[in-house]
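Pasting data_20.cif here (mmCIF, C-alpha atoms and all ligand atoms):
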data_coords
loop_
_atom_site.group_PDB
_atom_site.id
_atom_site.type_symbol
_atom_site.label_atom_id
_atom_site.label_comp_id
_atom_site.auth_asym_id
_atom_site.auth_seq_id
_atom_site.Cartn_x
_atom_site.Cartn_y
_atom_site.Cartn_z
ATOM 1 C CA MET A 1238 30.431 11.348 13.425
ATOM 2 C CA GLY A 1239 27.886 12.700 10.893
ATOM 3 C CA ILE A 1240 24.396 11.501 10.052
ATOM 4 C CA ALA A 1241 25.711 9.673 7.035
ATOM 5 C CA ASP A 1242 28.032 7.520 9.189
ATOM 6 C CA ASP A 1243 25.206 6.669 11.598
ATOM 7 C CA ILE A 1244 22.971 5.432 8.867
ATOM 8 C CA ALA A 1245 25.567 3.931 6.555
ATOM 9 C CA GLY A 1246 24.500 0.548 5.311
ATOM 10 C CA ASP A 1247 20.872 1.080 6.187
ATOM 11 C CA TRP A 1248 19.118 2.399 3.109
ATOM 12 C CA HIS A 1249 15.756 2.658 4.812
ATOM 13 C CA ALA A 1250 17.138 4.580 7.770
ATOM 14 C CA ALA A 1251 18.807 6.959 5.317
ATOM 15 C CA LEU A 1252 15.566 7.421 3.399
ATOM 16 C CA ALA A 1253 13.590 7.971 6.628
ATOM 17 C CA ALA A 1254 16.182 10.506 7.871
ATOM 18 C CA LEU A 1255 16.008 12.387 4.583
ATOM 19 C CA ALA A 1256 12.193 12.329 4.548
ATOM 20 C CA TRP A 1257 12.215 13.682 8.106
ATOM 21 C CA GLN A 1258 14.549 16.531 7.165
ATOM 22 C CA VAL A 1259 12.438 17.363 4.089
ATOM 23 C CA GLU A 1260 9.390 17.422 6.370
ATOM 24 C CA LEU A 1261 11.246 19.928 8.577
ATOM 25 C CA GLY A 1262 11.774 22.167 5.576
ATOM 26 C CA LEU A 1263 15.197 21.147 4.264
ATOM 27 C CA SER A 1264 15.556 22.148 0.648
ATOM 28 C CA ASP A 1265 19.370 21.999 0.162
ATOM 29 C CA ILE A 1266 22.016 19.712 1.574
ATOM 30 C CA PRO A 1267 24.023 21.903 3.995
ATOM 31 C CA ALA A 1268 27.816 21.521 4.415
ATOM 32 C CA GLU A 1269 29.200 20.658 7.878
ATOM 33 C CA THR A 1270 30.834 24.140 8.137
ATOM 34 C CA PRO A 1271 29.386 27.445 6.878
ATOM 35 C CA LEU A 1272 30.521 28.414 3.406
ATOM 36 C CA ASP A 1273 31.363 32.067 2.542
ATOM 37 C CA ARG A 1274 30.491 32.110 -1.131
ATOM 38 C CA TYR A 1275 31.950 35.666 -1.521
ATOM 39 C CA ASP A 1276 35.385 34.497 -0.445
ATOM 40 C CA LEU A 1277 35.851 31.413 -2.566
ATOM 41 C CA PRO A 1278 39.162 30.975 -4.495
ATOM 42 C CA GLU A 1279 38.944 31.338 -8.273
ATOM 43 C CA PRO A 1280 38.097 27.954 -9.738
ATOM 44 C CA VAL A 1281 41.109 26.238 -11.320
ATOM 45 C CA LYS A 1282 40.693 26.151 -15.096
ATOM 46 C CA ALA A 1283 40.429 22.660 -16.502
ATOM 47 C CA PRO A 1284 43.173 21.814 -19.050
ATOM 48 C CA PRO A 1285 41.948 21.877 -22.665
ATOM 49 C CA PRO A 1286 40.581 18.536 -23.787
ATOM 50 C CA ALA A 1287 43.102 16.181 -25.382
ATOM 51 C CA PRO A 1288 42.720 15.768 -29.148
ATOM 52 C CA ILE A 1289 40.439 12.895 -29.969
ATOM 53 C CA THR A 1290 42.350 9.902 -31.281
ATOM 54 C CA ALA A 1291 40.927 7.175 -33.459
ATOM 55 C CA ALA A 1292 40.895 4.797 -30.478
ATOM 56 C CA ALA A 1293 39.059 7.311 -28.299
ATOM 57 C CA LYS A 1294 36.546 7.870 -31.094
ATOM 58 C CA ALA A 1295 35.480 4.202 -31.107
ATOM 59 C CA PRO A 1296 31.878 4.257 -29.935
ATOM 60 C CA THR A 1297 31.294 2.806 -26.492
ATOM 61 C CA PRO A 1298 27.908 1.156 -26.397
ATOM 62 C CA PRO A 1299 25.614 2.841 -23.842
ATOM 63 C CA PRO A 1300 24.586 0.720 -20.851
ATOM 64 C CA PRO A 1301 21.404 -1.179 -21.642
ATOM 65 C CA GLU A 1302 18.214 0.588 -20.586
ATOM 66 C CA PRO A 1303 16.154 -1.318 -18.046
ATOM 67 C CA ALA A 1304 13.299 -2.991 -19.915
ATOM 68 C CA ALA A 1305 10.211 -0.796 -19.799
ATOM 69 C CA PRO A 1306 7.557 -2.609 -17.759
ATOM 70 C CA ASN A 1307 4.954 -3.928 -20.117
ATOM 71 C CA PRO A 1308 1.591 -3.807 -18.310
ATOM 72 C CA ALA A 1309 0.058 -6.635 -20.348
ATOM 73 C CA VAL A 1310 3.012 -8.915 -19.549
ATOM 74 C CA ALA A 1311 2.914 -7.870 -15.888
ATOM 75 C CA ILE A 1312 -0.826 -8.572 -15.627
ATOM 76 C CA ASP A 1313 -0.476 -11.963 -17.343
ATOM 77 C CA ALA A 1314 2.366 -12.870 -14.979
ATOM 78 C CA ALA A 1315 0.228 -11.823 -12.010
ATOM 79 C CA ARG A 1316 -2.733 -13.907 -13.194
ATOM 80 C CA ASP A 1317 -0.486 -16.892 -13.771
ATOM 81 C CA ALA A 1318 1.207 -16.657 -10.391
ATOM 82 C CA ALA A 1319 -2.030 -16.015 -8.513
ATOM 83 C CA ASN A 1320 -3.903 -18.873 -10.168
ATOM 84 C CA ARG A 1321 -1.145 -21.320 -9.316
ATOM 85 C CA ALA A 1322 -1.488 -20.521 -5.589
ATOM 86 C CA ALA A 1323 -3.354 -23.365 -3.911
ATOM 87 C CA THR A 1324 -3.110 -21.929 -0.389
ATOM 88 C CA LEU A 1325 -2.739 -18.555 1.290
ATOM 89 C CA GLU A 1326 0.908 -19.363 1.976
ATOM 90 C CA ASP A 1327 1.402 -20.060 -1.746
ATOM 91 C CA LEU A 1328 -0.239 -16.749 -2.529
ATOM 92 C CA ARG A 1329 1.988 -14.878 -0.100
ATOM 93 C CA ALA A 1330 5.023 -16.554 -1.682
ATOM 94 C CA ALA A 1331 3.748 -15.691 -5.177
ATOM 95 C CA LEU A 1332 3.447 -12.018 -4.215
ATOM 96 C CA ALA A 1333 6.871 -12.050 -2.611
ATOM 97 C CA ALA A 1334 8.322 -13.449 -5.843
ATOM 98 C CA TYR A 1335 6.423 -11.060 -8.136
ATOM 99 C CA THR A 1336 8.827 -8.532 -9.630
ATOM 100 C CA HIS A 1337 6.715 -6.464 -12.023
ATOM 101 C CA CYS A 1338 5.203 -3.982 -9.606
ATOM 102 C CA ASP A 1339 7.267 -0.851 -8.939
ATOM 103 C CA LEU A 1340 5.657 -0.321 -5.540
ATOM 104 C CA LYS A 1341 7.600 -3.287 -4.235
ATOM 105 C CA ARG A 1342 10.945 -1.548 -4.777
ATOM 106 C CA GLY A 1343 10.385 1.182 -2.203
ATOM 107 C CA ALA A 1344 8.619 -0.957 0.405
ATOM 108 C CA ARG A 1345 10.254 -2.535 3.433
ATOM 109 C CA ASN A 1346 7.814 -5.381 3.820
ATOM 110 C CA LEU A 1347 5.120 -7.263 2.031
ATOM 111 C CA VAL A 1348 1.853 -6.535 3.855
ATOM 112 C CA PHE A 1349 -0.168 -9.641 3.144
ATOM 113 C CA ALA A 1350 -3.021 -10.038 5.625
ATOM 114 C CA ASP A 1351 -4.044 -10.320 9.251
ATOM 115 C CA GLY A 1352 -6.855 -11.971 11.171
ATOM 116 C CA ASN A 1353 -8.673 -15.244 10.873
ATOM 117 C CA PRO A 1354 -8.760 -16.871 7.411
ATOM 118 C CA GLN A 1355 -11.968 -18.672 8.483
ATOM 119 C CA ALA A 1356 -13.744 -15.352 9.104
ATOM 120 C CA ARG A 1357 -17.095 -14.693 7.480
ATOM 121 C CA VAL A 1358 -16.089 -11.089 6.860
ATOM 122 C CA LEU A 1359 -13.160 -10.046 4.707
ATOM 123 C CA ILE A 1360 -12.106 -6.416 4.905
ATOM 124 C CA LEU A 1361 -10.311 -5.059 1.866
ATOM 125 C CA GLY A 1362 -8.447 -1.838 2.612
ATOM 126 C CA ASP A 1363 -6.462 0.423 0.338
ATOM 127 C CA ALA A 1364 -2.697 0.376 0.781
ATOM 128 C CA PRO A 1365 -0.306 0.039 3.717
ATOM 129 C CA GLY A 1366 0.997 3.174 5.400
ATOM 130 C CA VAL A 1367 4.263 3.704 7.195
ATOM 131 C CA GLU A 1368 3.436 1.572 10.264
ATOM 132 C CA GLU A 1369 2.044 -1.282 8.192
ATOM 133 C CA ASP A 1370 5.133 -1.179 5.979
ATOM 134 C CA ARG A 1371 7.342 -1.372 9.067
ATOM 135 C CA GLU A 1372 5.416 -4.254 10.677
ATOM 136 C CA GLY A 1373 4.317 -6.141 7.586
ATOM 137 C CA ARG A 1374 0.702 -6.270 8.845
ATOM 138 C CA PRO A 1375 -2.333 -4.351 7.557
ATOM 139 C CA PHE A 1376 -4.095 -1.695 9.622
ATOM 140 C CA VAL A 1377 -1.764 -1.448 12.596
ATOM 141 C CA GLY A 1378 -1.506 2.371 12.743
ATOM 142 C CA GLN A 1379 -4.072 4.880 13.985
ATOM 143 C CA ALA A 1380 -6.515 4.034 11.204
ATOM 144 C CA GLY A 1381 -6.123 0.364 12.109
ATOM 145 C CA GLN A 1382 -6.992 1.046 15.740
ATOM 146 C CA MET A 1383 -10.053 2.926 14.567
ATOM 147 C CA LEU A 1384 -10.986 0.008 12.304
ATOM 148 C CA ASP A 1385 -10.663 -2.415 15.236
ATOM 149 C CA ARG A 1386 -12.927 -0.205 17.386
ATOM 150 C CA MET A 1387 -15.522 0.129 14.609
ATOM 151 C CA PHE A 1388 -15.885 -3.598 14.067
ATOM 152 C CA ALA A 1389 -15.646 -4.418 17.769
ATOM 153 C CA ALA A 1390 -18.837 -2.361 18.111
ATOM 154 C CA ILE A 1391 -20.680 -5.150 16.269
ATOM 155 C CA GLY A 1392 -18.731 -7.935 17.949
ATOM 156 C CA LEU A 1393 -16.146 -8.605 15.196
ATOM 157 C CA SER A 1394 -12.405 -8.842 15.767
ATOM 158 C CA ARG A 1395 -9.316 -9.896 13.853
ATOM 159 C CA ASN A 1396 -8.261 -11.878 16.930
ATOM 160 C CA ALA A 1397 -11.461 -13.905 17.301
ATOM 161 C CA PRO A 1398 -10.961 -17.660 16.815
ATOM 162 C CA ASP A 1399 -14.670 -18.185 16.091
ATOM 163 C CA PRO A 1400 -15.379 -17.484 12.376
ATOM 164 C CA ASP A 1401 -18.727 -15.864 13.293
ATOM 165 C CA ASN A 1402 -16.973 -13.136 15.267
ATOM 166 C CA ALA A 1403 -13.804 -12.952 13.237
ATOM 167 C CA LEU A 1404 -12.362 -10.604 10.634
ATOM 168 C CA TYR A 1405 -9.846 -11.285 7.913
ATOM 169 C CA ILE A 1406 -8.062 -8.118 6.786
ATOM 170 C CA THR A 1407 -6.083 -7.493 3.646
ATOM 171 C CA ASN A 1408 -5.379 -4.625 1.258
ATOM 172 C CA THR A 1409 -5.756 -3.806 -2.398
ATOM 173 C CA MET A 1410 -2.012 -3.089 -2.531
ATOM 174 C CA PRO A 1411 0.407 -5.333 -0.613
ATOM 175 C CA TRP A 1412 3.198 -2.728 -0.665
ATOM 176 C CA ARG A 1413 3.280 0.819 0.634
ATOM 177 C CA PRO A 1414 3.398 3.234 -2.310
ATOM 178 C CA PRO A 1415 6.294 5.729 -2.142
ATOM 179 C CA GLN A 1416 5.196 8.883 -0.299
ATOM 180 C CA ASP A 1417 1.769 7.216 -0.038
ATOM 181 C CA ARG A 1418 1.027 8.220 -3.625
ATOM 182 C CA ASN A 1419 -2.006 6.826 -5.424
ATOM 183 C CA PRO A 1420 -1.205 3.588 -7.257
ATOM 184 C CA SER A 1421 -1.477 3.834 -11.032
ATOM 185 C CA ASP A 1422 -4.156 2.052 -13.062
ATOM 186 C CA ASP A 1423 -1.510 -0.452 -14.209
ATOM 187 C CA GLU A 1424 -0.445 -1.180 -10.636
ATOM 188 C CA ILE A 1425 -4.065 -1.740 -9.648
ATOM 189 C CA ALA A 1426 -4.586 -4.029 -12.642
ATOM 190 C CA MET A 1427 -1.470 -6.030 -11.701
ATOM 191 C CA MET A 1428 -2.706 -6.608 -8.173
ATOM 192 C CA LEU A 1429 -6.283 -7.503 -9.121
ATOM 193 C CA PRO A 1430 -5.527 -11.187 -9.914
ATOM 194 C CA PHE A 1431 -3.865 -11.554 -6.512
ATOM 195 C CA VAL A 1432 -6.838 -9.983 -4.732
ATOM 196 C CA GLU A 1433 -9.269 -12.168 -6.666
ATOM 197 C CA ARG A 1434 -7.312 -15.273 -5.690
ATOM 198 C CA HIS A 1435 -7.036 -14.067 -2.102
ATOM 199 C CA VAL A 1436 -10.807 -13.731 -1.875
ATOM 200 C CA ALA A 1437 -11.329 -17.129 -3.516
ATOM 201 C CA LEU A 1438 -8.967 -18.825 -1.036
ATOM 202 C CA VAL A 1439 -10.502 -17.190 2.055
ATOM 203 C CA ASN A 1440 -14.019 -17.571 0.653
ATOM 204 C CA PRO A 1441 -15.748 -15.167 3.066
ATOM 205 C CA ASP A 1442 -19.510 -14.659 3.202
ATOM 206 C CA VAL A 1443 -19.166 -10.903 2.814
ATOM 207 C CA ILE A 1444 -16.546 -8.413 1.637
ATOM 208 C CA VAL A 1445 -16.274 -4.929 3.124
ATOM 209 C CA LEU A 1446 -14.452 -2.391 0.967
ATOM 210 C CA VAL A 1447 -12.916 0.362 3.026
ATOM 211 C CA GLY A 1448 -11.594 3.211 0.956
ATOM 212 C CA ASN A 1449 -11.488 4.601 -2.529
ATOM 213 C CA LEU A 1450 -8.830 2.297 -3.865
ATOM 214 C CA SER A 1451 -10.629 -0.932 -3.025
ATOM 215 C CA LEU A 1452 -13.846 0.586 -4.406
ATOM 216 C CA ARG A 1453 -12.027 1.397 -7.633
ATOM 217 C CA MET A 1454 -10.432 -2.028 -7.933
ATOM 218 C CA ILE A 1455 -13.434 -4.177 -7.070
ATOM 219 C CA LEU A 1456 -16.442 -2.148 -8.221
ATOM 220 C CA ASN A 1457 -14.721 0.068 -10.792
ATOM 221 C CA ALA A 1458 -16.363 3.027 -9.079
ATOM 222 C CA LYS A 1459 -15.196 6.332 -7.659
ATOM 223 C CA GLY A 1460 -16.230 8.193 -4.522
ATOM 224 C CA ILE A 1461 -16.514 6.000 -1.439
ATOM 225 C CA GLN A 1462 -18.687 8.588 0.295
ATOM 226 C CA ARG A 1463 -21.279 8.241 -2.447
ATOM 227 C CA ALA A 1464 -20.968 4.454 -2.710
ATOM 228 C CA ARG A 1465 -20.895 3.702 1.027
ATOM 229 C CA GLY A 1466 -23.762 1.817 2.549
ATOM 230 C CA THR A 1467 -25.056 0.379 -0.737
ATOM 231 C CA TRP A 1468 -24.605 -3.359 -1.113
ATOM 232 C CA ALA A 1469 -23.224 -4.606 -4.404
ATOM 233 C CA GLU A 1470 -22.099 -7.968 -5.774
ATOM 234 C CA ALA A 1471 -18.518 -8.674 -6.894
ATOM 235 C CA LEU A 1472 -16.137 -11.643 -6.973
ATOM 236 C CA GLY A 1473 -19.228 -13.781 -6.333
ATOM 237 C CA LYS A 1474 -19.826 -12.147 -2.923
ATOM 238 C CA PRO A 1475 -22.007 -9.468 -1.392
ATOM 239 C CA VAL A 1476 -19.849 -6.362 -1.100
ATOM 240 C CA LEU A 1477 -20.380 -3.396 1.205
ATOM 241 C CA PRO A 1478 -18.394 -0.185 0.599
ATOM 242 C CA MET A 1479 -17.693 1.822 3.764
ATOM 243 C CA ALA A 1480 -15.794 4.951 4.732
ATOM 244 C CA HIS A 1481 -12.107 4.410 5.418
ATOM 245 C CA PRO A 1482 -11.298 4.639 9.152
ATOM 246 C CA ALA A 1483 -8.680 7.317 8.377
ATOM 247 C CA TYR A 1484 -11.497 9.402 6.887
ATOM 248 C CA LEU A 1485 -13.545 8.898 10.052
ATOM 249 C CA LEU A 1486 -10.608 10.075 12.152
ATOM 250 C CA ARG A 1487 -10.521 13.289 10.116
ATOM 251 C CA ASN A 1488 -14.326 13.633 9.888
ATOM 252 C CA PRO A 1489 -15.885 12.348 13.116
ATOM 253 C CA ILE A 1490 -19.280 13.518 11.894
ATOM 254 C CA ALA A 1491 -19.201 10.692 9.313
ATOM 255 C CA LYS A 1492 -19.143 8.106 12.125
ATOM 256 C CA ARG A 1493 -22.922 8.200 12.236
ATOM 257 C CA GLU A 1494 -23.109 6.867 8.652
ATOM 258 C CA ALA A 1495 -20.376 4.347 9.398
ATOM 259 C CA TRP A 1496 -22.440 3.083 12.300
ATOM 260 C CA ALA A 1497 -25.434 2.645 9.982
ATOM 261 C CA ASP A 1498 -23.190 0.657 7.614
ATOM 262 C CA LEU A 1499 -21.936 -1.534 10.455
ATOM 263 C CA LEU A 1500 -25.528 -2.287 11.461
ATOM 264 C CA SER A 1501 -26.306 -3.134 7.844
ATOM 265 C CA LEU A 1502 -23.371 -5.556 7.858
ATOM 266 C CA GLN A 1503 -24.565 -7.101 11.105
ATOM 267 C CA ALA A 1504 -28.048 -7.569 9.674
ATOM 268 C CA LYS A 1505 -26.600 -9.222 6.550
ATOM 269 C CA LEU A 1506 -24.572 -11.635 8.666
ATOM 270 C CA ARG A 1507 -27.612 -12.514 10.761
ATOM 271 C CA GLY A 1508 -29.975 -12.767 7.813
HETATM 272 N N1 LIG A 1601 -4.947 2.084 5.305
HETATM 273 C C1 LIG A 1601 -5.256 1.020 4.538
HETATM 274 O O1 LIG A 1601 -6.097 1.115 3.669
HETATM 275 N N2 LIG A 1601 -4.642 -0.130 4.794
HETATM 276 C C2 LIG A 1601 -3.742 -0.285 5.758
HETATM 277 O O2 LIG A 1601 -3.228 -1.375 5.923
HETATM 278 C C3 LIG A 1601 -3.430 0.840 6.538
HETATM 279 C C4 LIG A 1601 -4.041 2.013 6.297
#
Using the file provided, produce a representation of the structure as structure tokens.
Ligand code: URA
Amino acid sequence: MGIADDIAGDWHAALAALAWQVELGLSDIPAETPLDRYDLPEPVKAPPPAPITAAAKAPTPPPPEPAAPNPAVAIDAARDAANRAATLEDLRAALAAYTHCDLKRGARNLVFADGNPQARVLILGDAPGVEEDREGRPFVGQAGQMLDRMFAAIGLSRNAPDPDNALYITNTMPWRPPQDRNPSDDEIAMMLPFVERHVALVNPDVIVLVGNLSLRMILNAKGIQRARGTWAEALGKPVLPMAHPAYLLRNPIAKREAWADLLSLQAKLRG
């Protein structure tokens, strides 16, 4: 039984298997048995094409092209759907029903949020990765464990029932982009109304932006390492940009600045 039989019917397993083989260096699809290209029979010549008859000449209309996504329509639809959501469950359902964003097509799961909706602190990350896509929860991979450790250092946790010690965690993008590519400006613009509504429904005291994408969406700025640690105001809330935990995993030296930012957050919550 070949790979294809094992994974038949499971599109995601097939995609994962292919991605894995590409990662191992596969560049061509090999045949099951070796092929001696010097000993191949002469190709059989195709018979000459039949003369075209009047009936055959009748034009067959081409299949209709899929409608090109119109960003303005997609953004209006997002604003409409988001504004109609009266609860977080409504908002999750509105995202699940939203069809204009291409990212949704390649994702396994909608990654909506995690933590305590009563929390004083809302963390806005970038986009789900492979583990988040599999589980349908934000920040559950290595970066997520790092994020949990960072905030635990100032007594905050996504599992805390008490709003004072709790975190609510969501992302700029609710679907994992294919190959973890950067979302386009249009995709960011489509998701902004949902994020705005999400923040309005949770109504936290403070928003922490972790990563470049959330910085770009909420503060229209670039370069989280430059922006980090400086409080701003957006969506009617104090906003603190911070280094993404994945960055801290790659650059442990930056943990010192992250610690300063966590202390700044703690002071804000106390003050
Ligand atoms: N990185 C993010 O920004 N969000 C996640 O959910 C996971 C990794």
(message) Calculated over only C-alpha atoms and all ligand atoms, which of the candidates A:Leu1502, A:Ala1319, A:Ala1333, A:Ala1483 has the smallest distance to ligand LIG 1601 (chain A)?
(response) A:Ala1483
(message) Can you pull out the residues contacting region 1381-1398 of chain A? Cut-off 6 Å, using all atoms listed in the file, and skip same-chain residues under 5 positions away; I want them as JSON, numbers by chain.
(response) {"A": [1352, 1376, 1403, 1404, 1482]}
(request) For the structure shown, which residues end up in the PyMOL selection byres (((not hetatm)) within 9 of (chain A and resi 1601))? Put them as a VMD selection string, please? (result) chain A and resid 1348 1350 1361 to 1370 1374 to 1381 1406 to 1411 1413 1447 to 1451 1481 to 1483
(request) May I have the residues within 9 Å of Leu1477 (chain A) as a PyMOL selection string, using all atoms listed in the file and disregarding those fewer than 2 positions away in the same chain? (result) chain A and resi 1443-1447+1464-1470+1475+1479+1498+1501-1502
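With only C-alpha atoms as the atoms that count, the minimum distance from Leu1332 (chain A) to the choices A:Val1432, A:Ala1437, A:Ile1490, A:Ala1480 is reached by A:Val1432.
With distances taken over all atoms listed in the file, A:Met1428 is the one residue among A:Met1428, A:Ser1421, A:Val1436, A:Lys1341 lying closest to Ala1311 (chain A).
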(message) So, with only C-alpha atoms as the atoms that count, which of A:His1435, A:Arg1493, A:His1337, A:Arg1329 lies closest to Asn1307 (chain A)?
(response)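 Distance minimum relative to Asn1307 (chain A) lands on A:His1337.
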(request) Evaluate the PyMOL selection byres (((chain A and resi 1339) around 10) and not hetatm) here and jot the selected residues down as a PyMOL selection string. (result) chain A and resi 1306+1336-1338+1340-1344+1412+1414-1415+1420+1424
Just need the box for region 1449-1466 of chain A, edges along x, y and z, holding every atom the file lists for it with 4 Å tacked onto each side, so centre and edge lengths in Å to one decimal, as JSON.
{"center_x": -16.3, "center_y": 2.2, "center_z": -4.1, "size_x": 22.9, "size_y": 20.8, "size_z": 21.3}
(request) Would you work out the distance separating CA of Lys1474 (chain A) from CA of Leu1438 (chain A), expressed in Å to one decimal? (result)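 CA of Leu1438 (chain A) lies 12.9 Å from CA of Lys1474 (chain A).
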(message) Can you measure CA of Leu1429 (chain A) to CA of Ala1322 (chain A) for me? One decimal in Å is fine.
(response)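 Distance reported for this atom pair: 14.3 Å.
Residue nearest Pro1308 (chain A) within the list A:Ile1455, A:Met1427, A:Arg1434, A:Arg1507: A:Met1427 [criterion: smallest interatomic distance, only C-alpha atoms].
Candidate residues A:Met1454, A:Asp1401, A:Tyr1335, A:Val1439 were compared for distance to Asp1423 (chain A), and the nearest is A:Met1454, using all atoms listed in the file.
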(message) Can you spell out as a list of chain:residue names the set of residues that the PyMOL selection byres (((chain A and resi 1320) around 10) and not hetatm) selects in the structure I just provided?
(response)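 Taken on the displayed file, the PyMOL selection byres (((chain A and resi 1320) around 10) and not hetatm) yields the residues A:Ala1314, A:Ala1315, A:Arg1316, A:Asp1317, A:Ala1318, A:Ala1319, A:Arg1321, A:Ala1322, A:Ala1323, A:Leu1328, A:Ala1331, A:Pro1430, A:Phe1431, A:Glu1433, A:Arg1434, A:His1435.
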Put those residues in a file: C-alpha atoms, as an mmCIF file, in the frame of the given file.
data_model
loop_
_atom_site.group_PDB
_atom_site.id
_atom_site.type_symbol
_atom_site.label_atom_id
_atom_site.label_comp_id
_atom_site.auth_asym_id
_atom_site.auth_seq_id
_atom_site.Cartn_x
_atom_site.Cartn_y
_atom_site.Cartn_z
ATOM 1 C CA ALA A 1314 2.366 -12.870 -14.979
ATOM 2 C CA ALA A 1315 0.228 -11.823 -12.010
ATOM 3 C CA ARG A 1316 -2.733 -13.907 -13.194
ATOM 4 C CA ASP A 1317 -0.486 -16.892 -13.771
ATOM 5 C CA ALA A 1318 1.207 -16.657 -10.391
ATOM 6 C CA ALA A 1319 -2.030 -16.015 -8.513
ATOM 7 C CA ARG A 1321 -1.145 -21.320 -9.316
ATOM 8 C CA ALA A 1322 -1.488 -20.521 -5.589
ATOM 9 C CA ALA A 1323 -3.354 -23.365 -3.911
ATOM 10 C CA LEU A 1328 -0.239 -16.749 -2.529
ATOM 11 C CA ALA A 1331 3.748 -15.691 -5.177
ATOM 12 C CA PRO A 1430 -5.527 -11.187 -9.914
ATOM 13 C CA PHE A 1431 -3.865 -11.554 -6.512
ATOM 14 C CA GLU A 1433 -9.269 -12.168 -6.666
ATOM 15 C CA ARG A 1434 -7.312 -15.273 -5.690
ATOM 16 C CA HIS A 1435 -7.036 -14.067 -2.102
#
(message) Between CA of Ala1495 (chain A) and CA of Ile1360 (chain A), what distance in Å does the model show, to one decimal?
(response)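 Atom-to-atom, CA of Ala1495 (chain A) and CA of Ile1360 (chain A) are spaced 14.3 Å apart.
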